[in-house]
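Quick notes on the structure that follows.
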Amino acid sequence: MIFTPLQYDSGRIKKIKVGGSKTISKGDPLEIHTDGYAQRADENTAPVRWVALEAVSDTTEGDEILALPVMGVEFEAECATDTAQEQIDLVFALDSNRKVENTKSGSYTEGDVFVVTSLVGATTDEKVRGYFLDRISVANA
């Protein structure tokens, strides 16, 4: 699982509708597309609102998937590269494989969705703990 929820209330789990012809793996970050259906989030996504709790493939529009809303939930996350102590308290985007893109240093940029709060294991394990940011982008605001 790319994103593994660590502490959450099981009563928060919901069934959400996914778009047609989608493949989603357990632990994938999800966004709500402009058509109103969930799909896998990727490096062009902000914000991430859900994490899939089951896998589906070749969906029909309107199929449902169990998902966990990310607000207030701590996650263990896979990273694109080795982790480093300097990455704590930085906010990162996702990469094309839906992992935390932990290759930058410095301040927040648009598209960053995951804040790192601690490292997990050795730096070569490429895992961190953290939270998805709770924000909604508003066009032409």
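Residue numbers start at 1 in each chain; chains themselves are named A, B, ... in the order of the structure tokens; ligands are numbered from 1 in the order shown.
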Which residues in chain A does DSSP call helix (DSSP H, G or I)? List them as a ChimeraX atom specification.
-> /A:10-12,85-87,123-125
Could you dump the residues just selected with all heavy atoms as a PDB file, in the first residue's frame?
ATOM      1  N   SER A  10     -12.961   3.728  12.389  1.00  0.00           N
ATOM      2  CA  SER A  10     -13.485   2.888  11.317  1.00  0.00           C
ATOM      3  C   SER A  10     -14.863   3.345  10.847  1.00  0.00           C
ATOM      4  O   SER A  10     -15.274   3.029   9.744  1.00  0.00           O
ATOM      5  CB  SER A  10     -13.539   1.424  11.756  1.00  0.00           C
ATOM      6  OG  SER A  10     -14.409   1.267  12.843  1.00  0.00           O
ATOM      7  N   GLY A  11     -15.573   4.107  11.651  1.00  0.00           N
ATOM      8  CA  GLY A  11     -16.874   4.631  11.254  1.00  0.00           C
ATOM      9  C   GLY A  11     -16.790   5.692  10.178  1.00  0.00           C
ATOM     10  O   GLY A  11     -17.794   6.093   9.616  1.00  0.00           O
ATOM     11  N   ARG A  12     -15.593   6.143   9.866  1.00  0.00           N
ATOM     12  CA  ARG A  12     -15.408   7.178   8.848  1.00  0.00           C
ATOM     13  C   ARG A  12     -15.352   6.595   7.445  1.00  0.00           C
ATOM     14  O   ARG A  12     -15.408   7.319   6.467  1.00  0.00           O
ATOM     15  CB  ARG A  12     -14.113   7.956   9.118  1.00  0.00           C
ATOM     16  CG  ARG A  12     -14.139   8.719  10.426  1.00  0.00           C
ATOM     17  CD  ARG A  12     -12.851   9.466  10.658  1.00  0.00           C
ATOM     18  NE  ARG A  12     -12.705  10.475   9.611  1.00  0.00           N
ATOM     19  CZ  ARG A  12     -11.559  11.033   9.288  1.00  0.00           C
ATOM     20  NH1 ARG A  12     -10.460  10.677   9.893  1.00  0.00           N
ATOM     21  NH2 ARG A  12     -11.498  11.944   8.353  1.00  0.00           N
ATOM     22  N   GLN A  85      16.383  13.502   7.325  1.00  0.00           N
ATOM     23  CA  GLN A  85      15.870  14.234   8.481  1.00  0.00           C
ATOM     24  C   GLN A  85      15.389  15.641   8.086  1.00  0.00           C
ATOM     25  O   GLN A  85      14.416  16.144   8.637  1.00  0.00           O
ATOM     26  CB  GLN A  85      16.955  14.331   9.566  1.00  0.00           C
ATOM     27  CG  GLN A  85      16.464  14.848  10.892  1.00  0.00           C
ATOM     28  CD  GLN A  85      15.495  13.905  11.599  1.00  0.00           C
ATOM     29  OE1 GLN A  85      15.536  12.694  11.410  1.00  0.00           O
ATOM     30  NE2 GLN A  85      14.611  14.458  12.401  1.00  0.00           N
ATOM     31  N   GLU A  86      16.041  16.257   7.102  1.00  0.00           N
ATOM     32  CA  GLU A  86      15.669  17.614   6.681  1.00  0.00           C
ATOM     33  C   GLU A  86      14.287  17.674   6.033  1.00  0.00           C
ATOM     34  O   GLU A  86      13.744  18.762   5.822  1.00  0.00           O
ATOM     35  CB  GLU A  86      16.688  18.165   5.666  1.00  0.00           C
ATOM     36  CG  GLU A  86      18.108  18.229   6.147  1.00  0.00           C
ATOM     37  CD  GLU A  86      18.835  16.893   6.025  1.00  0.00           C
ATOM     38  OE1 GLU A  86      18.690  16.189   4.998  1.00  0.00           O
ATOM     39  OE2 GLU A  86      19.535  16.538   6.983  1.00  0.00           O
ATOM     40  N   GLN A  87      13.707  16.529   5.690  1.00  0.00           N
ATOM     41  CA  GLN A  87      12.397  16.512   5.040  1.00  0.00           C
ATOM     42  C   GLN A  87      11.241  16.649   6.024  1.00  0.00           C
ATOM     43  O   GLN A  87      10.107  16.874   5.612  1.00  0.00           O
ATOM     44  CB  GLN A  87      12.250  15.231   4.219  1.00  0.00           C
ATOM     45  CG  GLN A  87      13.222  15.186   3.066  1.00  0.00           C
ATOM     46  CD  GLN A  87      13.302  13.837   2.388  1.00  0.00           C
ATOM     47  OE1 GLN A  87      12.766  12.839   2.860  1.00  0.00           O
ATOM     48  NE2 GLN A  87      13.983  13.800   1.258  1.00  0.00           N
ATOM     49  N   THR A 123      16.756   5.401   6.289  1.00  0.00           N
ATOM     50  CA  THR A 123      16.483   6.331   5.186  1.00  0.00           C
ATOM     51  C   THR A 123      16.286   5.597   3.869  1.00  0.00           C
ATOM     52  O   THR A 123      15.533   6.053   3.009  1.00  0.00           O
ATOM     53  CB  THR A 123      17.610   7.370   5.048  1.00  0.00           C
ATOM     54  OG1 THR A 123      18.838   6.690   4.800  1.00  0.00           O
ATOM     55  CG2 THR A 123      17.724   8.217   6.300  1.00  0.00           C
ATOM     56  N   THR A 124      16.929   4.443   3.714  1.00  0.00           N
ATOM     57  CA  THR A 124      16.783   3.665   2.475  1.00  0.00           C
ATOM     58  C   THR A 124      15.460   2.911   2.398  1.00  0.00           C
ATOM     59  O   THR A 124      15.126   2.364   1.344  1.00  0.00           O
ATOM     60  CB  THR A 124      17.945   2.667   2.324  1.00  0.00           C
ATOM     61  OG1 THR A 124      18.005   1.848   3.492  1.00  0.00           O
ATOM     62  CG2 THR A 124      19.266   3.394   2.125  1.00  0.00           C
ATOM     63  N   ASP A 125      14.691   2.896   3.497  1.00  0.00           N
ATOM     64  CA  ASP A 125      13.359   2.280   3.481  1.00  0.00           C
ATOM     65  C   ASP A 125      12.365   3.122   2.684  1.00  0.00           C
ATOM     66  O   ASP A 125      11.294   2.641   2.318  1.00  0.00           O
ATOM     67  CB  ASP A 125      12.826   2.070   4.894  1.00  0.00           C
ATOM     68  CG  ASP A 125      13.579   0.993   5.656  1.00  0.00           C
ATOM     69  OD1 ASP A 125      14.304   0.195   5.017  1.00  0.00           O
ATOM     70  OD2 ASP A 125      13.445   0.948   6.899  1.00  0.00           O
TER      71      ASP A 125
END
Could you pull out all residues of range 9-130 of chain A with a DSSP call of strand (DSSP E or B) and give them as a PyMOL selection string?
-> chain A and resi 14-18+24+29-32+38-40+50-52+56+64-69+74-79+91-92+94+100+114-120+127-130
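The residue that comes closest to Pro29 in chain A, out of A:Phe114, A:Tyr8, A:Phe92, A:Phe3 and on the basis of only C-alpha atoms, is A:Phe3.
The nearest approach to Pro47 in chain A among the residues A:Gly111, A:Gly62, A:Gly121, A:Gly72, with only C-alpha atoms taken into account, belongs to A:Gly111.
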Extract, using only C-alpha atoms, all DNA, RNA and protein residues at most 6 Å from Ser118 in chain A, discarding same-chain residues fewer than 4 positions from it, and format them as a ChimeraX atom specification.
-> /A:88,128-129
Go ahead and save the picked residues with C-alpha atoms, as a PDB file, in the first residue's frame.
ATOM      1  CA  ILE A  88      10.473  16.673   8.319  1.00  0.00           C
ATOM      2  CA  VAL A 128       7.596   8.558   6.197  1.00  0.00           C
ATOM      3  CA  ARG A 129       4.642   9.427   8.385  1.00  0.00           C
TER       4      ARG A 129
END
Might you pull out every residue within 9 Å of Asp134 in chain A, with only C-alpha atoms counted and same-chain residues fewer than 3 positions away left off, and present them as a PDB file with all heavy atoms, in the first residue's frame?
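Output saved as result.pdb:
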ATOM      1  N   PRO A  47      -6.463  18.914  -4.255  1.00  0.00           N
ATOM      2  CA  PRO A  47      -6.091  18.148  -3.068  1.00  0.00           C
ATOM      3  C   PRO A  47      -6.433  16.667  -3.177  1.00  0.00           C
ATOM      4  O   PRO A  47      -7.223  16.272  -4.017  1.00  0.00           O
ATOM      5  CB  PRO A  47      -6.954  18.788  -1.988  1.00  0.00           C
ATOM      6  CG  PRO A  47      -8.228  19.149  -2.710  1.00  0.00           C
ATOM      7  CD  PRO A  47      -7.785  19.547  -4.115  1.00  0.00           C
ATOM      8  N   VAL A  48      -5.831  15.881  -2.298  1.00  0.00           N
ATOM      9  CA  VAL A  48      -6.200  14.473  -2.119  1.00  0.00           C
ATOM     10  C   VAL A  48      -7.233  14.448  -1.006  1.00  0.00           C
ATOM     11  O   VAL A  48      -7.008  14.995   0.065  1.00  0.00           O
ATOM     12  CB  VAL A  48      -4.971  13.615  -1.739  1.00  0.00           C
ATOM     13  CG1 VAL A  48      -5.391  12.214  -1.324  1.00  0.00           C
ATOM     14  CG2 VAL A  48      -3.981  13.579  -2.882  1.00  0.00           C
ATOM     15  N   ARG A  49      -8.361  13.836  -1.252  1.00  0.00           N
ATOM     16  CA  ARG A  49      -9.446  13.792  -0.261  1.00  0.00           C
ATOM     17  C   ARG A  49      -9.692  12.413   0.329  1.00  0.00           C
ATOM     18  O   ARG A  49     -10.303  12.298   1.377  1.00  0.00           O
ATOM     19  CB  ARG A  49     -10.748  14.299  -0.894  1.00  0.00           C
ATOM     20  CG  ARG A  49     -10.730  15.757  -1.191  1.00  0.00           C
ATOM     21  CD  ARG A  49     -10.819  16.518   0.098  1.00  0.00           C
ATOM     22  NE  ARG A  49     -10.862  17.930  -0.155  1.00  0.00           N
ATOM     23  CZ  ARG A  49     -10.287  18.827   0.628  1.00  0.00           C
ATOM     24  NH1 ARG A  49      -9.624  18.452   1.683  1.00  0.00           N
ATOM     25  NH2 ARG A  49     -10.364  20.095   0.354  1.00  0.00           N
ATOM     26  N   VAL A  70      -9.200  11.564   4.229  1.00  0.00           N
ATOM     27  CA  VAL A  70      -7.853  11.763   4.773  1.00  0.00           C
ATOM     28  C   VAL A  70      -7.769  12.795   5.888  1.00  0.00           C
ATOM     29  O   VAL A  70      -6.785  12.829   6.622  1.00  0.00           O
ATOM     30  CB  VAL A  70      -6.861  12.153   3.649  1.00  0.00           C
ATOM     31  CG1 VAL A  70      -6.783  11.052   2.613  1.00  0.00           C
ATOM     32  CG2 VAL A  70      -7.210  13.488   3.024  1.00  0.00           C
ATOM     33  N   MET A  71      -8.770  13.626   6.050  1.00  0.00           N
ATOM     34  CA  MET A  71      -8.708  14.719   7.020  1.00  0.00           C
ATOM     35  C   MET A  71      -8.457  14.191   8.442  1.00  0.00           C
ATOM     36  O   MET A  71      -9.215  13.388   8.961  1.00  0.00           O
ATOM     37  CB  MET A  71      -9.998  15.525   6.990  1.00  0.00           C
ATOM     38  CG  MET A  71      -9.963  16.754   7.831  1.00  0.00           C
ATOM     39  SD  MET A  71     -11.445  17.720   7.488  1.00  0.00           S
ATOM     40  CE  MET A  71     -11.459  18.761   8.912  1.00  0.00           C
ATOM     41  N   GLY A  72      -7.352  14.623   9.025  1.00  0.00           N
ATOM     42  CA  GLY A  72      -7.022  14.269  10.403  1.00  0.00           C
ATOM     43  C   GLY A  72      -6.448  12.887  10.603  1.00  0.00           C
ATOM     44  O   GLY A  72      -6.247  12.460  11.726  1.00  0.00           O
ATOM     45  N   VAL A 113       0.880  18.300  -1.395  1.00  0.00           N
ATOM     46  CA  VAL A 113      -0.313  17.795  -0.714  1.00  0.00           C
ATOM     47  C   VAL A 113      -0.037  17.032   0.573  1.00  0.00           C
ATOM     48  O   VAL A 113      -0.954  16.760   1.325  1.00  0.00           O
ATOM     49  CB  VAL A 113      -1.146  16.888  -1.649  1.00  0.00           C
ATOM     50  CG1 VAL A 113      -1.689  17.660  -2.840  1.00  0.00           C
ATOM     51  CG2 VAL A 113      -0.346  15.679  -2.111  1.00  0.00           C
ATOM     52  N   TYR A 131       0.632  13.712   7.072  1.00  0.00           N
ATOM     53  CA  TYR A 131      -0.778  14.028   6.858  1.00  0.00           C
ATOM     54  C   TYR A 131      -0.969  14.700   5.502  1.00  0.00           C
ATOM     55  O   TYR A 131      -0.102  15.445   5.040  1.00  0.00           O
ATOM     56  CB  TYR A 131      -1.278  14.993   7.941  1.00  0.00           C
ATOM     57  CG  TYR A 131      -1.238  14.423   9.324  1.00  0.00           C
ATOM     58  CD1 TYR A 131      -0.089  14.496  10.099  1.00  0.00           C
ATOM     59  CD2 TYR A 131      -2.360  13.801   9.856  1.00  0.00           C
ATOM     60  CE1 TYR A 131      -0.050  13.967  11.376  1.00  0.00           C
ATOM     61  CE2 TYR A 131      -2.328  13.266  11.140  1.00  0.00           C
ATOM     62  CZ  TYR A 131      -1.179  13.348  11.889  1.00  0.00           C
ATOM     63  OH  TYR A 131      -1.143  12.811  13.149  1.00  0.00           O
TER      64      TYR A 131
END
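For the choices A:Ala122, A:Ala46, A:Ile13, A:Leu30, the atom-to-atom distance to Thr109 in chain A is smallest for A:Ala46 when using only C-alpha atoms.
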Find the residues around range 99-102 of chain A up to 7 Å (only C-alpha atoms counted), leave out those fewer than 6 positions away in its own chain, and share them as a PDB file with C-alpha atoms, in the first residue's frame.
ATOM      1  CA  ILE A   2       1.374   3.386  -0.944  1.00  0.00           C
ATOM      2  CA  ALA A  77       3.649   6.712   3.072  1.00  0.00           C
ATOM      3  CA  GLU A  78       6.046   5.375   0.476  1.00  0.00           C
ATOM      4  CA  CYS A  79       8.461   7.946  -0.957  1.00  0.00           C
ATOM      5  CA  ALA A  80      10.061   8.328  -4.367  1.00  0.00           C
ATOM      6  CA  THR A  81      13.625   8.340  -2.972  1.00  0.00           C
ATOM      7  CA  PHE A  92       5.549  17.433  -0.922  1.00  0.00           C
ATOM      8  CA  ALA A  93       3.562  16.638  -4.052  1.00  0.00           C
TER       9      ALA A  93
END
Quote the spacing between CA of Met1 in chain A and CA of Arg40 in chain A in Å to one decimal place.
-> 13.3 Å
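Between Thr23 in chain A and the candidates A:Glu126, A:Glu74, A:Glu61, A:Asp89, the tightest atom-to-atom separation, counting only C-alpha atoms, involves A:Glu61.
Restricting the calculation to only C-alpha atoms, the smallest distance between Glu43 in chain A and any of A:Lys127, A:Lys26, A:Lys15, A:Arg98 is found for A:Arg98.
Considering the residues A:Lys104, A:Lys14, A:His33, A:Lys22 and counting only C-alpha atoms, Leu66 in chain A has its shortest atom-to-atom contact with A:Lys14.
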Please identify all polymer residues within 12 Å of Ile32 in chain A, counting only C-alpha atoms, omitting same-chain residues fewer than 5 positions from it, and present them as a ChimeraX atom specification.
-> /A:16-19,37-42,45-51,69,136
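With CA of Gly20 in chain A on one side and CA of Asp63 in chain A on the other, the separation reads 7.9 Å.
The interatomic distance for the pair CA of Leu119 in chain A and CA of Pro5 in chain A works out to 15.2 Å.
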